[in-house]
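Report on the structure given below.
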Amino acid sequence: MRIKFLVFLVAFLALNIQVKAKADESLRVIMAAKDDTVKVNKVLAYAQRFLGNDNDKSAELYRVALKLSERIGFKQGSARINFNLGKIENARINYAAALTYFNNALKLHKETGNARAVGKTWLVMAAAYDYKGDIGNSAKYLLKAINLFEKYQFESELAYAYSNFGTLNHNHEDFKKAILYHKKAIDLSAKLKDTTLLVRAYGMESAALASDLQFGQSFFYASKAIELAKKIRNKAVRGEALVFYADACIDAGKLDEAINASGEAVKYSIESGQSVLYLLSSQSLADAYVRKGDFDRAIELLETIRGKSLESGDYYFIQETDEKLAEAYYSAGNYKKAYHYRGTAQETRNKLMNEKNQKTLAELEVKYQTVQKEKLIADNQLIISKKNL
């Protein structure tokens, strides 16, 4: 079973907007009002309608809002806008631009003392670094976010962070630890009764279980994800659930069902402007074609994915796509091409799985566990002191 690289595709965490645009209030009416924080928040709310469903439209509106917010010196508004523009660039696989926006947002959130938003920004920065293959920075920012969310008991964000840390471990083949953290995310999401969080937690648990060769449990969680996703309007979230379900169907030999699910996910990815989702769903569709023996269609699709991955410099997708191309060409009898792509896949894998990255991830995990132990000891000492009073 292939490793799922859905790290932080889940990162569309909406920051609170205090003033919402009325449903019947047009953008023209909003823009005609005087320049103030109320106007910025209304434009933000208007742009939020399109986030995850039409990212191009959303980005256009955010840029309008950013100019206005900077003009009136509204730091909170500028921070939220930079954050959301970064998320859009992340979804477009433009990680350098995403990190620029995230760093802008982080600086402004720190200046305004918004701890929750600081943690959310660390969370999405970890996403961008992970896709760039920078495991050290990815794990560093993710663990900083987890510590902050635990400290302030920001449970919704903590559920995302647990799931993301599980997937980071998944990507580096520690499947048992991945399953453990995804289960933490499931339990917390269920406690919060947050359907979107739970859909994504179920899906990532399904992927981790499949990589651990627990296919029955994997299909169980993928099925739960797809059932819950039907209750959600956001196309990106539905698309993610469909990808997980398609992969589980491939493992179960339900190839027609897998083709239908992944094809629908491709459609949602195009409609919502989610490039990462497009690559993931296209990979799943290609997998199903290979298993069904339709090698020509699989190879055509995989070559397209590879081209897009090379443009973005996304090493995870390059490695996975090359592995799939090697398999498809081998099955089609083109052994020369199969050998070529097997070699390029191994080269990329070596780059991602080098000893430095593995050591960095392990060291950061130890630091995190040490902080948790020290916090527990301090709490126990406080309890003992109170008892002795």
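Simple scheme: letters A, B, ... for chains in structure tokens order, numbers from 1 for residues in each chain, numbers from 1 for ligands in the order shown.
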
Skipping near chain neighbours, those fewer than 2 positions away, what residues fall within 7 Å of segment 320-336 of chain A using only C-alpha atoms, listed as a PyMOL selection string?
chain A and resi 290+295+299+302+306+316-318+338-342+344-345

Find the residues near Gln283 of chain A: any atom within 9 Å, counting only C-alpha atoms, skip ones fewer than 3 places away on the same chain, and give them as a VMD selection string.
chain A and resid 262 278 to 280 286 to 288 298 301 to 302 305 320 to 321 324

Atoms kept (C-alpha atoms) for selection, written as a short mmCIF file (atom, residue, chain, number, x, y, z; two decimals), in the first residue's frame:
data_model
loop_
_atom_site.label_atom_id
_atom_site.label_comp_id
_atom_site.auth_asym_id
_atom_site.auth_seq_id
_atom_site.Cartn_x
_atom_site.Cartn_y
_atom_site.Cartn_z
CA SER A 262 -11.39 8.94 -7.55
CA TYR A 278 -5.98 16.93 -7.94
CA LEU A 279 -2.65 15.11 -7.75
CA LEU A 280 -3.83 12.76 -4.99
CA ALA A 286 -4.19 5.78 -12.03
CA ASP A 287 -3.79 3.07 -9.36
CA ALA A 288 -7.24 1.74 -10.18
CA ALA A 298 -2.75 4.96 -16.23
CA LEU A 301 -2.41 10.19 -16.30
CA LEU A 302 0.78 9.53 -14.34
CA ILE A 305 0.95 14.19 -12.68
CA GLU A 320 5.28 8.28 -5.65
CA THR A 321 4.50 9.03 -9.27
CA LYS A 324 3.70 4.12 -10.06
#

Any idea what's packed within 8 Å of Ser284 of chain A, counting only C-alpha atoms, ignoring anything in its chain fewer than 6 positions away? Could you give it as a VMD selection string?
chain A and resid 243 246 to 247 258 262

With all heavy atoms kept, could you save the residues just selected as a PDB file, in the first residue's frame?
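Dumped everything to result_11.pdb:
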ATOM      1  N   VAL A 243     -10.919  10.279  -1.964  1.00  0.00           N
ATOM      2  CA  VAL A 243      -9.594   9.712  -2.234  1.00  0.00           C
ATOM      3  C   VAL A 243      -9.295   8.570  -1.266  1.00  0.00           C
ATOM      4  O   VAL A 243      -8.833   7.495  -1.659  1.00  0.00           O
ATOM      5  CB  VAL A 243      -8.493  10.799  -2.140  1.00  0.00           C
ATOM      6  CG1 VAL A 243      -7.112  10.162  -2.223  1.00  0.00           C
ATOM      7  CG2 VAL A 243      -8.662  11.816  -3.264  1.00  0.00           C
ATOM      8  N   ALA A 246     -11.461   5.664  -2.265  1.00  0.00           N
ATOM      9  CA  ALA A 246     -10.981   5.041  -3.500  1.00  0.00           C
ATOM     10  C   ALA A 246      -9.788   4.123  -3.227  1.00  0.00           C
ATOM     11  O   ALA A 246      -9.723   3.000  -3.744  1.00  0.00           O
ATOM     12  CB  ALA A 246     -10.598   6.110  -4.518  1.00  0.00           C
ATOM     13  N   ASP A 247      -8.859   4.581  -2.406  1.00  0.00           N
ATOM     14  CA  ASP A 247      -7.690   3.762  -2.084  1.00  0.00           C
ATOM     15  C   ASP A 247      -8.095   2.494  -1.337  1.00  0.00           C
ATOM     16  O   ASP A 247      -7.551   1.413  -1.574  1.00  0.00           O
ATOM     17  CB  ASP A 247      -6.696   4.565  -1.245  1.00  0.00           C
ATOM     18  CG  ASP A 247      -5.940   5.604  -2.064  1.00  0.00           C
ATOM     19  OD1 ASP A 247      -5.947   5.478  -3.302  1.00  0.00           O
ATOM     20  OD2 ASP A 247      -5.364   6.520  -1.478  1.00  0.00           O
ATOM     21  N   ALA A 258     -13.686   2.205  -7.093  1.00  0.00           N
ATOM     22  CA  ALA A 258     -12.522   3.067  -6.896  1.00  0.00           C
ATOM     23  C   ALA A 258     -12.406   4.090  -8.018  1.00  0.00           C
ATOM     24  O   ALA A 258     -12.101   5.268  -7.774  1.00  0.00           O
ATOM     25  CB  ALA A 258     -11.252   2.227  -6.817  1.00  0.00           C
ATOM     26  N   SER A 262     -12.542   8.082  -7.245  1.00  0.00           N
ATOM     27  CA  SER A 262     -11.389   8.938  -7.545  1.00  0.00           C
ATOM     28  C   SER A 262     -11.708   9.907  -8.685  1.00  0.00           C
ATOM     29  O   SER A 262     -11.241  11.054  -8.681  1.00  0.00           O
ATOM     30  CB  SER A 262     -10.161   8.096  -7.883  1.00  0.00           C
ATOM     31  OG  SER A 262     -10.444   7.160  -8.898  1.00  0.00           O
TER      32      SER A 262
END

Segment 76-173 of chain A near segment 43-46 of chain A within 9 Å: what's each residue's closest atom pair and its distance in Å to one decimal, counting only C-alpha atoms, ordered by chain then ascending residue number, as CSV?
residue,atom,partner,partner_atom,distance
A:Gly77,CA,A:Leu44,CA,8.3
A:Arg80,CA,A:Leu44,CA,8.6
A:Ile81,CA,A:Leu44,CA,7.5

Using only C-alpha atoms, which residues sit within 12 Å of Leu198 of chain A once same-chain residues fewer than 2 positions away are excluded, as a tab-separated table (two decimals) with all heavy atoms, in the first residue's frame?
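Final output, saved to out23.tsv:
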chain	number	residue	atom	x	y	z
A	10	VAL	N	-5.42	19.14	5.10
A	10	VAL	CA	-6.48	19.48	6.04
A	10	VAL	C	-6.35	20.89	6.59
A	10	VAL	O	-7.10	21.28	7.46
A	10	VAL	CB	-6.48	18.51	7.23
A	10	VAL	CG1	-6.63	17.10	6.78
A	10	VAL	CG2	-5.23	18.67	8.07
A	156	SER	N	-9.94	21.96	19.15
A	156	SER	CA	-10.21	21.79	17.72
A	156	SER	C	-8.91	21.79	16.92
A	156	SER	O	-8.66	20.92	16.09
A	156	SER	CB	-11.13	22.90	17.24
A	156	SER	OG	-11.38	22.78	15.85
A	159	ALA	N	-6.77	18.67	17.54
A	159	ALA	CA	-7.19	17.49	16.78
A	159	ALA	C	-6.52	17.47	15.41
A	159	ALA	O	-6.02	16.44	14.95
A	159	ALA	CB	-8.71	17.45	16.63
A	160	TYR	N	-6.48	18.64	14.75
A	160	TYR	CA	-5.78	18.74	13.47
A	160	TYR	C	-4.29	18.43	13.64
A	160	TYR	O	-3.70	17.70	12.84
A	160	TYR	CB	-5.92	20.15	12.90
A	160	TYR	CG	-7.16	20.38	12.08
A	160	TYR	CD1	-8.33	20.81	12.68
A	160	TYR	CD2	-7.16	20.20	10.70
A	160	TYR	CE1	-9.47	21.04	11.93
A	160	TYR	CE2	-8.29	20.42	9.95
A	160	TYR	CZ	-9.44	20.85	10.57
A	160	TYR	OH	-10.57	21.07	9.82
A	163	SER	N	-3.54	14.75	14.09
A	163	SER	CA	-3.68	14.03	12.83
A	163	SER	C	-2.51	14.32	11.90
A	163	SER	O	-1.96	13.42	11.24
A	163	SER	CB	-5.00	14.43	12.15
A	163	SER	OG	-5.33	13.53	11.13
A	182	HIS	N	-3.48	9.39	14.93
A	182	HIS	CA	-4.76	9.55	14.24
A	182	HIS	C	-5.92	9.16	15.15
A	182	HIS	O	-6.99	9.77	15.10
A	182	HIS	CB	-4.79	8.72	12.95
A	182	HIS	CG	-3.87	9.24	11.89
A	182	HIS	ND1	-3.70	10.59	11.64
A	182	HIS	CD2	-3.07	8.60	11.00
A	182	HIS	CE1	-2.84	10.75	10.65
A	182	HIS	NE2	-2.44	9.57	10.25
A	183	LYS	N	-5.69	8.15	16.00
A	183	LYS	CA	-6.75	7.75	16.94
A	183	LYS	C	-6.99	8.87	17.96
A	183	LYS	O	-8.14	9.14	18.35
A	183	LYS	CB	-6.34	6.47	17.67
A	183	LYS	CG	-7.42	5.89	18.57
A	183	LYS	CD	-8.67	5.53	17.78
A	183	LYS	CE	-9.68	4.74	18.60
A	183	LYS	NZ	-10.19	5.47	19.76
A	184	LYS	N	-5.92	9.55	18.37
A	184	LYS	CA	-6.09	10.70	19.26
A	184	LYS	C	-6.94	11.77	18.58
A	184	LYS	O	-7.81	12.40	19.21
A	184	LYS	CB	-4.72	11.32	19.61
A	184	LYS	CG	-3.90	10.54	20.62
A	184	LYS	CD	-2.66	11.35	20.98
A	184	LYS	CE	-1.84	10.67	22.08
A	184	LYS	NZ	-0.71	11.52	22.52
A	185	ALA	N	-6.69	11.99	17.30
A	185	ALA	CA	-7.45	12.98	16.54
A	185	ALA	C	-8.91	12.57	16.42
A	185	ALA	O	-9.82	13.41	16.53
A	185	ALA	CB	-6.84	13.17	15.15
A	186	ILE	N	-9.17	11.28	16.19
A	186	ILE	CA	-10.54	10.78	16.09
A	186	ILE	C	-11.29	11.00	17.40
A	186	ILE	O	-12.42	11.51	17.42
A	186	ILE	CB	-10.55	9.28	15.71
A	186	ILE	CG1	-10.13	9.11	14.24
A	186	ILE	CG2	-11.94	8.67	15.93
A	186	ILE	CD1	-9.89	7.67	13.85
A	187	ASP	N	-10.68	10.63	18.51
A	187	ASP	CA	-11.32	10.75	19.81
A	187	ASP	C	-11.65	12.21	20.14
A	187	ASP	O	-12.74	12.53	20.63
A	187	ASP	CB	-10.43	10.17	20.91
A	187	ASP	CG	-10.28	8.65	20.80
A	187	ASP	OD1	-11.12	8.02	20.12
A	187	ASP	OD2	-9.32	8.11	21.39
A	188	LEU	N	-10.70	13.10	19.84
A	188	LEU	CA	-10.91	14.51	20.14
A	188	LEU	C	-11.97	15.11	19.21
A	188	LEU	O	-12.81	15.91	19.64
A	188	LEU	CB	-9.58	15.26	20.00
A	188	LEU	CG	-9.48	16.66	20.64
A	188	LEU	CD1	-10.00	16.66	22.06
A	188	LEU	CD2	-8.03	17.13	20.59
A	189	SER	N	-11.95	14.73	17.94
A	189	SER	CA	-12.94	15.22	16.97
A	189	SER	C	-14.34	14.76	17.35
A	189	SER	O	-15.31	15.52	17.23
A	189	SER	CB	-12.60	14.73	15.56
A	189	SER	OG	-11.32	15.15	15.17
A	190	ALA	N	-14.46	13.51	17.79
A	190	ALA	CA	-15.75	12.97	18.21
A	190	ALA	C	-16.26	13.72	19.44
A	190	ALA	O	-17.45	14.04	19.55
A	190	ALA	CB	-15.64	11.48	18.49
A	191	LYS	N	-15.35	14.01	20.37
A	191	LYS	CA	-15.72	14.77	21.58
A	191	LYS	C	-16.26	16.15	21.20
A	191	LYS	O	-17.24	16.63	21.80
A	191	LYS	CB	-14.49	14.91	22.49
A	191	LYS	CG	-14.71	15.80	23.70
A	191	LYS	CD	-13.40	16.02	24.45
A	191	LYS	CE	-13.59	17.06	25.56
A	191	LYS	NZ	-12.31	17.36	26.25
A	192	LEU	N	-15.63	16.77	20.21
A	192	LEU	CA	-16.03	18.11	19.77
A	192	LEU	C	-17.27	18.09	18.88
A	192	LEU	O	-17.84	19.14	18.59
A	192	LEU	CB	-14.87	18.77	19.02
A	192	LEU	CG	-13.62	19.07	19.83
A	192	LEU	CD1	-12.46	19.42	18.92
A	192	LEU	CD2	-13.88	20.19	20.82
A	193	LYS	N	-17.66	16.89	18.41
A	193	LYS	CA	-18.79	16.73	17.48
A	193	LYS	C	-18.59	17.57	16.23
A	193	LYS	O	-19.52	18.18	15.70
A	193	LYS	CB	-20.11	17.09	18.17
A	193	LYS	CG	-20.44	16.18	19.35
A	193	LYS	CD	-21.76	16.56	20.00
A	193	LYS	CE	-22.06	15.63	21.17
A	193	LYS	NZ	-23.33	15.97	21.85
A	194	ASP	N	-17.34	17.59	15.75
A	194	ASP	CA	-16.98	18.35	14.56
A	194	ASP	C	-16.90	17.40	13.37
A	194	ASP	O	-15.97	16.60	13.25
A	194	ASP	CB	-15.63	19.05	14.78
A	194	ASP	CG	-15.29	20.02	13.66
A	194	ASP	OD1	-15.45	19.66	12.48
A	194	ASP	OD2	-14.85	21.14	13.97
A	195	THR	N	-17.88	17.47	12.49
A	195	THR	CA	-17.98	16.52	11.38
A	195	THR	C	-16.79	16.61	10.43
A	195	THR	O	-16.25	15.59	10.01
A	195	THR	CB	-19.28	16.77	10.59
A	195	THR	OG1	-20.39	16.69	11.48
A	195	THR	CG2	-19.46	15.73	9.49
A	196	THR	N	-16.37	17.84	10.11
A	196	THR	CA	-15.25	18.00	9.18
A	196	THR	C	-13.97	17.42	9.77
A	196	THR	O	-13.23	16.69	9.08
A	196	THR	CB	-15.05	19.49	8.86
A	196	THR	OG1	-16.22	20.00	8.24
A	196	THR	CG2	-13.86	19.68	7.91
A	200	ARG	N	-11.82	13.89	8.26
A	200	ARG	CA	-10.40	13.88	7.92
A	200	ARG	C	-9.62	12.93	8.83
A	200	ARG	O	-8.69	12.27	8.38
A	200	ARG	CB	-9.86	15.30	8.00
A	200	ARG	CG	-10.36	16.14	6.83
A	200	ARG	CD	-10.28	17.61	7.08
A	200	ARG	NE	-10.39	18.34	5.82
A	200	ARG	CZ	-10.56	19.64	5.74
A	200	ARG	NH1	-10.66	20.35	6.83
A	200	ARG	NH2	-10.63	20.24	4.58
A	201	ALA	N	-10.00	12.87	10.10
A	201	ALA	CA	-9.32	11.96	11.01
A	201	ALA	C	-9.59	10.51	10.63
A	201	ALA	O	-8.67	9.67	10.64
A	201	ALA	CB	-9.79	12.22	12.45
A	202	TYR	N	-10.83	10.19	10.27
A	202	TYR	CA	-11.16	8.83	9.81
A	202	TYR	C	-10.35	8.49	8.56
A	202	TYR	O	-9.81	7.39	8.43
A	202	TYR	CB	-12.64	8.73	9.45
A	202	TYR	CG	-13.58	8.56	10.62
A	202	TYR	CD1	-14.88	9.06	10.55
A	202	TYR	CD2	-13.21	7.88	11.78
A	202	TYR	CE1	-15.78	8.91	11.61
A	202	TYR	CE2	-14.08	7.72	12.83
A	202	TYR	CZ	-15.37	8.23	12.74
A	202	TYR	OH	-16.25	8.07	13.78
A	203	GLY	N	-10.27	9.44	7.63
A	203	GLY	CA	-9.56	9.18	6.38
A	203	GLY	C	-8.09	8.92	6.59
A	203	GLY	O	-7.52	7.98	6.02
A	204	MET	N	-7.45	9.71	7.44
A	204	MET	CA	-6.02	9.52	7.66
A	204	MET	C	-5.74	8.25	8.44
A	204	MET	O	-4.72	7.59	8.22
A	204	MET	CB	-5.45	10.74	8.37
A	204	MET	CG	-5.44	11.96	7.47
A	204	MET	SD	-4.38	13.27	8.11
A	204	MET	CE	-4.54	14.45	6.76
A	205	GLU	N	-6.64	7.89	9.36
A	205	GLU	CA	-6.48	6.62	10.06
A	205	GLU	C	-6.60	5.46	9.08
A	205	GLU	O	-5.85	4.48	9.16
A	205	GLU	CB	-7.54	6.50	11.16
A	205	GLU	CG	-7.43	5.23	11.99
A	205	GLU	CD	-6.30	5.26	13.01
A	205	GLU	OE1	-5.22	5.83	12.70
A	205	GLU	OE2	-6.46	4.71	14.10
A	221	TYR	N	-12.75	2.49	8.26
A	221	TYR	CA	-12.62	3.92	8.54
A	221	TYR	C	-12.85	4.77	7.28
A	221	TYR	O	-13.41	5.87	7.36
A	221	TYR	CB	-11.25	4.23	9.14
A	221	TYR	CG	-11.17	3.93	10.62
A	221	TYR	CD1	-10.45	2.84	11.10
A	221	TYR	CD2	-11.82	4.74	11.54
A	221	TYR	CE1	-10.39	2.56	12.46
A	221	TYR	CE2	-11.76	4.48	12.89
A	221	TYR	CZ	-11.05	3.38	13.36
A	221	TYR	OH	-11.00	3.11	14.70
A	222	ALA	N	-12.43	4.27	6.12
A	222	ALA	CA	-12.67	5.01	4.88
A	222	ALA	C	-14.17	5.10	4.60
A	222	ALA	O	-14.66	6.14	4.12
A	222	ALA	CB	-11.96	4.31	3.72
A	224	LYS	N	-16.54	5.10	6.88
A	224	LYS	CA	-17.09	6.06	7.84
A	224	LYS	C	-16.82	7.50	7.36
A	224	LYS	O	-17.68	8.38	7.50
A	224	LYS	CB	-16.47	5.85	9.22
A	224	LYS	CG	-16.96	4.59	9.93
A	224	LYS	CD	-16.20	4.33	11.23
A	224	LYS	CE	-16.65	5.25	12.33
A	224	LYS	NZ	-17.99	4.94	12.84
A	225	ALA	N	-15.63	7.72	6.79
A	225	ALA	CA	-15.29	9.05	6.29
A	225	ALA	C	-16.21	9.47	5.16
A	225	ALA	O	-16.71	10.61	5.13
A	225	ALA	CB	-13.83	9.08	5.83
A	226	ILE	N	-16.47	8.56	4.22
A	226	ILE	CA	-17.29	8.93	3.06
A	226	ILE	C	-18.74	9.15	3.44
A	226	ILE	O	-19.42	10.02	2.89
A	226	ILE	CB	-17.16	7.85	1.94
A	226	ILE	CG1	-17.52	8.46	0.57
A	226	ILE	CG2	-18.01	6.64	2.20
A	226	ILE	CD1	-16.53	9.45	0.06
A	227	GLU	N	-19.23	8.42	4.42
A	227	GLU	CA	-20.60	8.62	4.87
A	227	GLU	C	-20.77	9.98	5.53
A	227	GLU	O	-21.74	10.69	5.29
A	227	GLU	CB	-21.01	7.49	5.83
A	227	GLU	CG	-21.35	6.19	5.16
A	227	GLU	CD	-22.46	6.32	4.12
A	227	GLU	OE1	-23.51	6.93	4.46
A	227	GLU	OE2	-22.28	5.86	2.98
A	228	LEU	N	-19.81	10.34	6.38
A	228	LEU	CA	-19.88	11.65	7.05
A	228	LEU	C	-19.69	12.80	6.06
A	228	LEU	O	-20.30	13.86	6.19
A	228	LEU	CB	-18.80	11.73	8.13
A	228	LEU	CG	-19.17	11.25	9.53
A	228	LEU	CD1	-17.99	11.44	10.47
A	228	LEU	CD2	-20.39	11.98	10.07
A	229	ALA	N	-18.83	12.59	5.05
A	229	ALA	CA	-18.52	13.64	4.09
A	229	ALA	C	-19.75	14.07	3.29
A	229	ALA	O	-19.82	15.21	2.80
A	229	ALA	CB	-17.42	13.18	3.14
A	231	LYS	N	-22.45	14.87	4.37
A	231	LYS	CA	-23.13	15.92	5.12
A	231	LYS	C	-22.43	17.27	5.02
A	231	LYS	O	-22.90	18.26	5.58
A	231	LYS	CB	-23.23	15.52	6.60
A	231	LYS	CG	-23.94	14.20	6.85
A	231	LYS	CD	-23.90	13.84	8.32
A	231	LYS	CE	-24.56	12.48	8.57
A	231	LYS	NZ	-24.50	12.11	10.01
A	232	ILE	N	-21.30	17.31	4.31
A	232	ILE	CA	-20.48	18.52	4.24
A	232	ILE	C	-20.56	19.13	2.85
A	232	ILE	O	-20.46	18.43	1.85
A	232	ILE	CB	-19.01	18.18	4.59
A	232	ILE	CG1	-18.93	17.65	6.02
A	232	ILE	CG2	-18.12	19.41	4.43
A	232	ILE	CD1	-17.56	17.14	6.39
A	237	VAL	N	-13.18	18.96	1.13
A	237	VAL	CA	-13.31	17.93	2.16
A	237	VAL	C	-13.94	16.67	1.58
A	237	VAL	O	-13.50	15.55	1.85
A	237	VAL	CB	-14.14	18.45	3.35
A	237	VAL	CG1	-14.33	17.36	4.40
A	237	VAL	CG2	-13.47	19.66	3.98
A	241	ALA	N	-12.20	12.79	1.26
A	241	ALA	CA	-12.84	11.55	1.71
A	241	ALA	C	-12.96	10.56	0.56
A	241	ALA	O	-12.76	9.35	0.74
A	241	ALA	CB	-14.22	11.86	2.29

Shell of 10 Å around Ser58 of chain A, only C-alpha atoms, local chain residues under 4 positions omitted, as a PyMOL selection string:
chain A and resi 44+46-54+62-63+84-85+88

Where in segment 39-276 of chain A does DSSP assign alpha helix (DSSP H), given as a PyMOL selection string?
chain A and resi 39-48+55-72+75-91+95-112+115-131+135-152+155-171+175-192+195-211+215-229+235-251+255-272+275-276

Here atom CA of Tyr152 of chain A and atom CA of Phe165 of chain A stand apart by 18.5 Å

Please measure the separation of atom CA of Ile30 of chain A and atom CA of Phe83 of chain A, giving the value in Å to one decimal.
22.0 Å

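Here the question is which of A:Leu68, A:Val199, A:Ile259, A:Leu158 gets nearest to Asp294 of chain A using only C-alpha atoms, and that residue is A:Ile259.
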
Excluding same-chain residues fewer than 6 positions from Leu123 of chain A, what lies within 9 Å of it counting only C-alpha atoms, as a list in words?
Phe8, Ala11, Ser138, Tyr141, Leu142, Leu143, Lys144, Ala145, Ile146, Glu157, Tyr160, Ala161 and Asn164 of chain A

For Val40 of chain A, list every protein, DNA or RNA residue within 12 Å, evaluated using only C-alpha atoms, and leave out those in the same chain fewer than 5 positions away; present the list as a PyMOL selection string.
chain A and resi 17-21+27+30-35+45-47+61-81

Rounded to one decimal, what separation in Å do you get between atom CA of Thr167 of chain A and atom CA of Val124 of chain A?
13.7 Å

Phe220 of chain A proximity check over A:Val276, A:Cys249, A:Leu180, A:Leu242, using only C-alpha atoms: winner is A:Cys249
